[in-house]
file run_14.csv (CSV, C-alpha atoms)
chain,number,residue,atom,x,y,z
A,182,MET,CA,13.5,-5.5,149.7
A,183,ASN,CA,15.4,-8.3,148.0
A,184,ASP,CA,15.5,-7.8,144.2
A,185,GLU,CA,17.2,-11.1,143.5
A,186,THR,CA,15.7,-14.2,141.9
A,187,THR,CA,16.3,-17.7,143.1
A,188,GLY,CA,15.1,-21.2,142.3
A,189,ALA,CA,12.9,-20.2,139.3
A,190,SER,CA,11.9,-23.0,136.9
A,191,PRO,CA,11.9,-22.1,133.3
A,192,GLN,CA,8.8,-22.5,131.2
A,193,PRO,CA,8.8,-24.9,128.2
A,194,ASN,CA,10.4,-23.5,125.1
A,195,GLY,CA,7.3,-24.0,123.1
A,196,ASP,CA,5.3,-21.5,125.2
A,197,ARG,CA,8.1,-18.9,125.0
A,198,GLU,CA,8.4,-19.4,121.2
A,199,GLU,CA,4.6,-19.1,120.8
A,200,ILE,CA,4.6,-15.8,122.7
A,201,ALA,CA,7.5,-14.5,120.7
A,202,ARG,CA,5.6,-15.4,117.5
A,203,LEU,CA,2.7,-13.2,118.5
A,204,LEU,CA,4.9,-10.2,119.2
A,205,PRO,CA,5.1,-7.3,116.7
A,206,ALA,CA,8.2,-6.9,114.7
A,207,PRO,CA,11.2,-5.4,116.5
A,208,ALA,CA,10.9,-1.6,116.9
A,209,ASP,CA,13.6,1.1,117.4
A,210,TRP,CA,11.6,3.2,119.9
A,211,GLY,CA,10.6,3.0,123.5
A,212,LEU,CA,7.1,2.9,124.9
A,213,PRO,CA,5.6,5.2,127.6
A,214,ARG,CA,4.1,3.4,130.5
A,215,GLU,CA,0.5,3.6,129.5
A,216,GLN,CA,1.2,2.4,125.9
A,217,HIS,CA,3.0,-0.6,127.2
A,218,LEU,CA,0.0,-1.5,129.4
A,219,ARG,CA,-2.3,-1.2,126.4
A,220,HIS,CA,-0.1,-3.5,124.2
A,221,LYS,CA,0.2,-5.9,127.1
A,222,GLU,CA,-3.6,-6.3,127.4
A,223,LEU,CA,-3.9,-6.8,123.6
A,224,LEU,CA,-1.2,-9.4,123.6
A,225,MET,CA,-2.9,-11.2,126.5
A,226,HIS,CA,-6.2,-11.3,124.7
A,227,HIS,CA,-4.6,-12.6,121.5
A,228,ILE,CA,-2.7,-15.4,123.3
A,229,GLU,CA,-5.9,-16.4,125.2
A,230,ARG,CA,-8.0,-16.5,122.0
A,231,ASP,CA,-5.3,-18.3,120.1
A,232,ARG,CA,-4.9,-21.0,122.8
A,233,SER,CA,-8.7,-21.5,123.1
A,234,THR,CA,-9.1,-22.3,119.5
A,235,ARG,CA,-6.7,-25.2,119.9
A,236,SER,CA,-8.2,-26.4,123.2
A,237,ARG,CA,-5.0,-25.9,125.1
A,238,PRO,CA,-5.0,-24.9,128.8
A,239,ALA,CA,-3.6,-21.5,129.5
A,240,ARG,CA,-0.5,-21.4,131.7
A,241,ARG,CA,-0.3,-19.0,134.6
A,242,LEU,CA,2.3,-16.4,134.1
A,243,LEU,CA,2.8,-13.0,135.6
A,244,ARG,CA,1.2,-9.9,134.4
A,245,PRO,CA,2.7,-7.0,136.4
A,246,ALA,CA,2.6,-3.4,135.1
A,247,LEU,CA,6.0,-2.5,134.0
A,248,LEU,CA,7.6,-0.6,131.1
A,249,ALA,CA,9.8,-2.6,128.7
A,250,SER,CA,13.0,-0.9,127.7
A,251,ALA,CA,13.7,-0.2,124.1
A,252,THR,CA,16.4,-2.9,124.0
A,253,ALA,CA,14.3,-5.5,125.6
A,254,LEU,CA,11.2,-4.9,123.5
A,255,THR,CA,12.6,-6.9,120.6
A,256,LEU,CA,13.0,-9.9,122.8
A,257,ALA,CA,9.6,-9.7,124.6
A,258,GLY,CA,7.0,-7.1,124.9
A,259,VAL,CA,6.0,-9.9,127.3
A,260,LEU,CA,8.8,-9.0,129.7
A,261,ALA,CA,6.0,-8.2,132.2
A,262,ALA,CA,3.0,-9.5,130.3
A,263,GLY,CA,3.0,-13.3,130.7
A,264,VAL,CA,0.4,-15.7,129.4
A,265,ALA,CA,-3.3,-15.0,130.1
A,266,LEU,CA,-5.3,-16.9,132.8
A,267,HIS,CA,-8.7,-18.3,132.0
A,268,ASP,CA,-11.3,-16.6,134.2
A,269,GLY,CA,-15.0,-17.0,134.3
A,270,GLY,CA,-15.8,-14.2,136.7
A,271,ARG,CA,-15.3,-11.1,134.6
A,272,GLU,CA,-17.2,-8.0,135.5
A,273,PRO,CA,-18.9,-6.1,132.7
A,274,SER,CA,-17.2,-3.0,131.6
A,275,GLY,CA,-18.5,0.1,133.3
A,276,THR,CA,-19.6,-1.6,136.5
A,277,ALA,CA,-18.1,-0.1,139.7
A,278,SER,CA,-17.2,-2.6,142.3
A,279,HIS,CA,-15.5,0.3,144.0
A,280,ARG,CA,-18.8,1.2,145.6
A,281,ALA,CA,-18.1,-1.5,148.2
A,282,ALA,CA,-15.1,0.5,149.5
A,283,THR,CA,-15.3,3.0,152.3
A,284,ASP,CA,-13.5,6.2,153.1
A,285,MET,CA,-12.7,4.9,156.6
A,286,ARG,CA,-9.8,2.7,155.6
A,287,PRO,CA,-6.2,3.7,156.4
A,288,ALA,CA,-5.4,4.0,152.7
A,289,ALA,CA,-8.2,6.5,152.2
A,290,ALA,CA,-6.9,8.7,155.0
A,291,LEU,CA,-3.4,8.7,153.5
A,292,LEU,CA,-4.7,9.3,149.9
A,293,GLY,CA,-6.8,12.1,151.3
A,294,ARG,CA,-3.7,13.9,152.6
A,295,ILE,CA,-1.9,13.2,149.3
A,296,SER,CA,-4.9,14.6,147.4
A,297,ASP,CA,-5.1,17.7,149.5
A,298,ALA,CA,-1.4,18.4,148.9
A,299,ALA,CA,-1.8,17.8,145.1
A,300,GLU,CA,-4.7,20.2,145.0
A,301,ALA,CA,-2.7,22.9,146.8
A,302,ARG,CA,0.3,22.5,144.4
A,303,THR,CA,0.9,24.9,141.6
A,304,THR,CA,1.6,23.5,138.1
A,305,PRO,CA,2.2,25.4,134.9
A,306,PRO,CA,-0.4,25.3,132.1
A,307,VAL,CA,0.7,23.4,129.0
A,308,ARG,CA,0.0,24.6,125.5
A,309,ASP,CA,-1.0,22.2,122.7
A,310,ASP,CA,2.2,23.0,120.8
A,311,GLN,CA,4.5,22.1,123.8
A,312,PHE,CA,6.0,18.9,125.1
A,313,VAL,CA,6.0,17.4,128.6
A,314,TYR,CA,9.5,16.4,129.6
A,315,THR,CA,10.1,13.6,132.1
A,316,ARG,CA,13.5,12.3,133.4
A,317,GLU,CA,13.5,9.1,135.4
A,318,LYS,CA,15.5,6.0,136.3
A,319,THR,CA,13.8,2.7,135.6
A,320,ARG,CA,14.6,-0.9,136.3
A,321,GLY,CA,12.8,-4.0,135.1
A,322,ALA,CA,12.9,-7.8,134.9
A,323,ASP,CA,13.2,-9.9,131.7
A,324,LEU,CA,11.0,-13.0,131.9
A,325,THR,CA,11.9,-14.5,128.5
A,326,SER,CA,14.3,-17.1,130.0
A,327,GLY,CA,11.5,-18.5,132.2
A,328,LYS,CA,12.7,-16.7,135.3
A,329,ALA,CA,12.9,-13.0,136.3
A,330,VAL,CA,16.3,-11.6,135.5
A,331,VAL,CA,16.5,-8.1,136.9
A,332,GLY,CA,18.3,-5.6,134.7
A,333,PRO,CA,20.4,-2.6,135.7
A,334,LEU,CA,19.0,0.9,136.3
A,335,THR,CA,18.3,2.7,133.1
A,336,ASP,CA,18.3,6.5,132.5
A,337,ARG,CA,15.3,7.6,130.5
A,338,GLU,CA,14.0,10.9,129.3
A,339,THR,CA,10.8,11.4,127.3
A,340,TRP,CA,9.3,14.3,125.4
A,341,LEU,CA,5.5,13.7,124.9
A,342,ALA,CA,3.6,15.9,122.4
A,343,GLN,CA,0.5,17.6,123.7
A,344,GLU,CA,-1.4,18.1,120.4
A,345,PRO,CA,-4.9,16.7,120.9
A,346,GLY,CA,-5.4,15.4,117.3
A,347,PRO,CA,-4.3,11.9,116.2
A,348,LEU,CA,-0.5,11.8,115.9
A,349,ARG,CA,1.8,9.3,114.2
A,350,LYS,CA,4.8,10.6,116.1
A,351,LEU,CA,4.0,11.0,119.8
A,352,GLY,CA,7.4,12.4,120.9
A,353,LEU,CA,10.9,11.3,121.6
A,354,ILE,CA,12.6,9.0,124.1
A,355,ARG,CA,16.2,9.0,125.2
A,356,GLU,CA,17.4,5.8,126.9
A,357,ASN,CA,21.0,5.5,128.1
A,358,GLY,CA,22.0,8.3,125.7
A,359,ARG,CA,20.2,7.0,122.6
A,360,ILE,CA,17.3,9.1,121.2
A,361,SER,CA,14.4,7.4,119.3
A,362,PRO,CA,11.0,8.5,118.1
A,363,ILE,CA,7.8,7.3,119.9
A,364,ASN,CA,5.4,6.1,117.3
A,365,ALA,CA,1.6,5.8,117.4
A,366,GLU,CA,0.1,2.8,119.1
A,367,PHE,CA,-0.1,-0.5,117.2
A,368,GLY,CA,-3.2,-0.4,115.0
A,369,ASP,CA,-3.6,3.4,115.0
A,370,THR,CA,-3.0,3.8,111.3
A,371,ASP,CA,-4.3,7.4,111.3
A,372,GLY,CA,-2.4,8.2,114.5
A,373,THR,CA,-3.1,8.0,118.2
A,374,PRO,CA,-5.5,10.6,119.6
A,375,ALA,CA,-5.4,12.1,123.1
A,376,GLY,CA,-6.9,9.8,125.7
A,377,LEU,CA,-6.1,7.1,128.2
A,378,SER,CA,-3.4,5.8,125.8
A,379,ARG,CA,-2.0,9.3,125.3
A,380,PRO,CA,-2.9,11.5,128.2
A,381,THR,CA,-2.2,15.1,127.2
A,382,TYR,CA,-2.6,18.0,129.6
A,383,ARG,CA,-5.7,19.2,127.7
A,384,TRP,CA,-7.3,15.7,127.9
A,385,LEU,CA,-6.4,15.3,131.6
A,386,SER,CA,-8.0,18.7,132.2
A,387,SER,CA,-11.3,17.4,130.7
A,388,LEU,CA,-11.6,14.5,133.2
A,389,PRO,CA,-14.3,14.7,135.8
A,390,THR,CA,-13.1,16.1,139.1
A,391,ASP,CA,-15.7,14.4,141.3
A,392,PRO,CA,-14.0,11.2,142.5
A,393,ASP,CA,-17.0,9.0,142.0
A,394,ASP,CA,-17.7,10.3,138.5
A,395,LEU,CA,-14.0,10.0,137.7
A,396,LEU,CA,-13.9,6.4,138.9
A,397,ALA,CA,-17.0,5.4,137.0
A,398,TYR,CA,-15.4,7.0,133.9
A,399,LEU,CA,-12.2,4.9,134.4
A,400,TYR,CA,-14.1,1.7,135.1
A,401,ALA,CA,-16.1,2.2,131.9
A,402,ARG,CA,-13.0,3.0,129.7
A,403,THR,CA,-10.2,0.9,131.1
A,404,PRO,CA,-9.7,-1.9,128.5
A,405,GLN,CA,-11.2,-5.2,129.4
A,406,ALA,CA,-9.0,-8.3,129.2
A,407,GLU,CA,-9.5,-12.0,129.9
A,408,ALA,CA,-8.5,-12.9,133.5
A,409,ARG,CA,-7.7,-9.4,134.4
A,410,GLU,CA,-9.2,-8.4,137.8
A,411,ARG,CA,-11.2,-5.2,137.1
A,412,ASP,CA,-10.2,-3.4,140.3
A,413,GLN,CA,-6.5,-4.0,139.7
A,414,ALA,CA,-6.7,-2.9,136.1
A,415,VAL,CA,-8.2,0.4,137.1
A,416,PHE,CA,-5.7,0.9,139.9
A,417,GLU,CA,-2.9,0.4,137.4
A,418,GLU,CA,-4.6,2.7,134.9
A,419,ILE,CA,-4.6,5.4,137.5
A,420,GLY,CA,-1.0,4.6,138.3
A,421,SER,CA,0.0,5.1,134.7
A,422,LEU,CA,-1.3,8.7,135.0
A,423,LEU,CA,0.6,9.6,138.2
A,424,GLY,CA,3.6,11.9,138.0
A,425,ARG,CA,2.3,13.6,134.9
A,426,MET,CA,1.8,17.3,134.3
A,427,MET,CA,-1.9,17.9,135.0
A,428,PRO,CA,-4.1,20.5,136.7
A,429,PRO,CA,-4.0,20.2,140.5
A,430,ARG,CA,-7.8,19.4,140.7
A,431,THR,CA,-7.3,16.5,138.3
A,432,ALA,CA,-4.5,15.1,140.3
A,433,ALA,CA,-6.5,15.4,143.5
A,434,ALA,CA,-9.4,13.7,142.0
A,435,LEU,CA,-7.3,10.7,140.8
A,436,TYR,CA,-6.0,10.1,144.4
A,437,ARG,CA,-9.5,10.4,145.8
A,438,ALA,CA,-10.8,8.0,143.2
A,439,ALA,CA,-8.0,5.5,143.9
A,440,ALA,CA,-9.0,5.5,147.6
A,441,ARG,CA,-12.4,4.1,146.6
A,442,ILE,CA,-11.0,1.0,144.9
A,443,PRO,CA,-11.3,-2.1,147.1
A,444,GLY,CA,-8.0,-3.7,148.2
A,445,VAL,CA,-6.0,-0.5,148.2
A,446,ALA,CA,-3.8,-0.3,151.3
A,447,PRO,CA,-0.9,1.6,152.8
A,448,ALA,CA,2.6,0.2,152.2
A,449,PRO,CA,4.9,1.3,155.1
A,450,ARG,CA,8.2,0.1,153.6
A,451,ALA,CA,7.7,1.4,150.1
A,452,HIS,CA,10.6,2.8,148.1
A,453,ASP,CA,11.2,3.7,144.5
A,454,ALA,CA,13.8,2.4,142.0
A,455,ILE,CA,16.7,4.3,143.5
A,456,GLY,CA,15.9,3.4,147.1
A,457,ARG,CA,14.1,6.6,148.2
A,458,ARG,CA,11.8,5.5,150.9
A,459,GLY,CA,8.4,7.2,151.3
A,460,LEU,CA,4.7,6.8,152.0
A,461,GLY,CA,3.4,3.9,150.0
A,462,ILE,CA,0.0,3.0,148.5
A,463,ALA,CA,-0.3,-0.5,147.2
A,464,ARG,CA,-2.7,-3.1,145.8
A,465,ASP,CA,-2.1,-6.8,145.2
A,466,ASP,CA,-3.0,-8.7,142.1
A,467,VAL,CA,-3.9,-11.8,144.0
A,468,ARG,CA,-4.4,-13.9,140.9
A,469,HIS,CA,-0.8,-13.4,139.8
A,470,GLY,CA,0.9,-12.8,143.1
A,471,VAL,CA,2.1,-9.3,142.2
A,472,ARG,CA,2.0,-6.1,144.3
A,473,THR,CA,2.1,-2.7,142.7
A,474,GLU,CA,3.2,0.2,144.9
A,475,TRP,CA,3.1,4.0,144.5
A,476,VAL,CA,5.6,5.9,146.5
A,477,PHE,CA,5.2,9.5,147.8
A,478,ASP,CA,7.5,11.9,149.6
A,479,THR,CA,7.0,11.9,153.3
A,480,GLU,CA,7.1,15.7,153.6
A,481,ASP,CA,5.3,17.3,150.6
A,482,TYR,CA,3.4,14.1,149.4
A,483,SER,CA,4.8,14.5,145.9
A,484,PHE,CA,5.0,11.4,143.6
A,485,LEU,CA,8.4,9.7,143.7
A,486,GLY,CA,7.8,6.6,141.7
A,487,SER,CA,6.4,3.1,141.7
A,488,ARG,CA,7.4,-0.6,142.0
A,489,SER,CA,6.0,-4.0,141.1
A,490,TYR,CA,7.2,-7.2,142.7
A,491,LEU,CA,6.2,-10.7,143.6
A,492,VAL,CA,4.4,-11.4,146.8
A,493,LYS,CA,4.4,-15.2,146.6
A,494,ASP,CA,6.8,-17.8,145.1
A,495,THR,CA,6.2,-18.5,141.4
A,496,SER,CA,8.0,-20.4,138.7
A,497,TYR,CA,9.6,-17.0,137.7
A,498,GLY,CA,11.0,-16.2,141.1
A,499,LYS,CA,10.7,-16.0,144.9
A,500,ALA,CA,8.5,-13.6,146.8
A,501,ARG,CA,9.9,-10.1,146.8
A,502,THR,CA,11.5,-10.5,143.4
A,503,LEU,CA,11.5,-7.1,141.7
A,504,LEU,CA,9.6,-6.9,138.4
A,505,SER,CA,9.7,-3.2,137.7
A,506,GLY,CA,10.6,0.0,139.4
A,507,GLU,CA,10.8,3.7,138.4
A,508,ALA,CA,12.0,6.9,140.1
A,509,GLU,CA,10.8,10.2,138.7
A,510,LEU,CA,13.5,12.8,138.9
A,511,GLU,CA,12.2,15.7,136.9
A,512,LEU,CA,9.0,16.9,135.3
A,513,ALA,CA,8.8,20.0,133.1
A,514,VAL,CA,7.3,21.7,130.1
A,515,VAL,CA,9.5,22.5,127.0
A,516,ASP,CA,8.9,24.0,123.6
A,517,GLU,CA,10.7,21.4,121.5
A,518,ALA,CA,11.1,17.6,121.6
A,519,GLY,CA,14.7,16.8,122.5
A,520,ARG,CA,15.2,20.1,124.4
A,521,ARG,CA,15.9,19.8,128.1
A,522,PRO,CA,14.5,22.2,130.6
A,523,ALA,CA,16.4,25.5,131.1
A,524,GLY,CA,19.7,25.0,133.0
A,525,ARG,CA,20.1,21.3,132.0
A,526,GLY,CA,21.8,21.7,128.7

call {"tool": "encode", "arguments": {"input": "run_14.csv", "output": "structure tokens"}}
result
Amino acid sequence: MNDETTGASPQPNGDREEIARLLPAPADWGLPREQHLRHKELLMHHIERDRSTRSRPARRLLRPALLASATALTLAGVLAAGVALHDGGREPSGTASHRAATDMRPAAALLGRISDAAEARTTPPVRDDQFVYTREKTRGADLTSGKAVVGPLTDRETWLAQEPGPLRKLGLIRENGRISPINAEFGDTDGTPAGLSRPTYRWLSSLPTDPDDLLAYLYARTPQAEARERDQAVFEEIGSLLGRMMPPRTAAALYRAAARIPGVAPAPRAHDAIGRRGLGIARDDVRHGVRTEWVFDTEDYSFLGSRSYLVKDTSYGKARTLLSGEAELELAVVDEAGRRPAGRG
């Protein structure tokens, strides 16, 4: 797919300055995927509320699920956030529109095979005093200029602490050779506990393994935001958990739960950030013209990575413009933050 941008019209400077004003102070650490999603939702809510008090119409910008790099975070945690839409048709938290989906769709059949493979896979248990290590390549678009400017591939390694209690230091991140601490979420003055925003192995082990129960749990607990399509939010919440170290039964349940979300479909031409083609599962955020894809190996159904890109022309770029991409290269358990798995130095 084409990852270039053409013909994008920049947004007025006032909008970009207003968004920048609402951002937190520059930080010297990177954000795991699920933390960035949470901050994005909070930012969107803040912008929508701030604009409403001044009776100004909200502008339609993109809200794909992508991880901002540490260097880009100071410019805009809104690299993939955008400005909120006003929306009157919001579903109450905890309702499950997924009940309208059926298991007869092609996506359900593919996710069933992926789920069966995940359940048969052997994963090591993880102690509370250990760290889950991930090595990946990522690529994202910067929207602060008013158009999507796709950056280069970035090497990223993370060490995420598995302690269940609230933590102020969640682990370490190495990005292009630079190591920085990962701090607690904004607002968690006493530290961030294990949960959706910090999914430890123990917490993932506690999730329901019945797909319907798990999906109801996620619909009830995925943060609600103005103009956010509920089904898409839950789909992306599940996506933020994929490729993590978790019990096989939990992984299998997540895939079976995703199969019950309306709008989920196969993506035959899916590929990850480094071009590895595989079996794709996708869902379109029709309000913002963004498709999110998960990519799986064609032989063993293991998770390879994910992508988000435009599916229609917008002021930020043409259809097929890349917004984010990641390729997972290694997943392991280590005893210390900063230590690579055995044999990797």

call {"tool": "closest_residue", "arguments": {"input": "run_14.csv", "among": "A:Ala513, A:Ala290, A:Ala406, A:Leu341", "to": "Leu353 in chain A", "atoms": "only C-alpha atoms"}}
result
A:Leu341

call {"tool": "residues_around", "arguments": {"input": "run_14.csv", "residues": "Thr319 in chain A", "least_positions_apart": "2", "cutoff": "9 Å", "atoms": "all atoms listed in the file", "output": "list of chain:residue names"}}
result
A:Leu248, A:Ser250, A:Glu317, A:Gly321, A:Pro333, A:Leu334, A:Thr335, A:Asp336, A:Arg337, A:Ala454, A:Ile455, A:Ser505, A:Gly506, A:Glu507, A:Ala508, A:Glu509

call {"tool": "residues_around", "arguments": {"input": "run_14.csv", "residues": "range 362-369 of chain A", "least_positions_apart": "2", "cutoff": "6 Å", "atoms": "only C-alpha atoms", "output": "ChimeraX atom specification"}}
result
/A:210,349-353,371-373

call {"tool": "residues_near_point", "arguments": {"input": "run_14.csv", "point": "(-9.0, -5.4, 135.9)", "cutoff": "10 Å", "atoms": "only C-alpha atoms", "output": "MDAnalysis selection string"}}
result
chainID A and resid 271:272 274 400 403:418 466

call {"tool": "write_last_selection", "arguments": {"input": "run_14.csv", "atoms": "C-alpha atoms", "output": "compact mmCIF listing (two decimals), in the frame of the given file"}}
result
# COMPACT_ATOMS: atom_id res chain seq x y z
CA ARG A 271 -15.30 -11.10 134.60
CA GLU A 272 -17.20 -8.00 135.50
CA SER A 274 -17.20 -3.00 131.60
CA TYR A 400 -14.10 1.70 135.10
CA THR A 403 -10.20 0.90 131.10
CA PRO A 404 -9.70 -1.90 128.50
CA GLN A 405 -11.20 -5.20 129.40
CA ALA A 406 -9.00 -8.30 129.20
CA GLU A 407 -9.50 -12.00 129.90
CA ALA A 408 -8.50 -12.90 133.50
CA ARG A 409 -7.70 -9.40 134.40
CA GLU A 410 -9.20 -8.40 137.80
CA ARG A 411 -11.20 -5.20 137.10
CA ASP A 412 -10.20 -3.40 140.30
CA GLN A 413 -6.50 -4.00 139.70
CA ALA A 414 -6.70 -2.90 136.10
CA VAL A 415 -8.20 0.40 137.10
CA PHE A 416 -5.70 0.90 139.90
CA GLU A 417 -2.90 0.40 137.40
CA GLU A 418 -4.60 2.70 134.90
CA ASP A 466 -3.00 -8.70 142.10

call {"tool": "atom_distance", "arguments": {"input": "run_14.csv", "atom1": "CA of Tyr398 in chain A", "atom2": "CA of Thr473 in chain A"}}
result
21.9 Å

call {"tool": "closest_residue", "arguments": {"input": "run_14.csv", "among": "A:Ala322, A:Ala463, A:Val331, A:Leu377", "to": "Ser487 in chain A", "atoms": "only C-alpha atoms"}}
result
A:Ala463

call {"tool": "atom_distance", "arguments": {"input": "run_14.csv", "atom1": "CA of Leu422 in chain A", "atom2": "CA of Ala401 in chain A"}}
result
16.5 Å
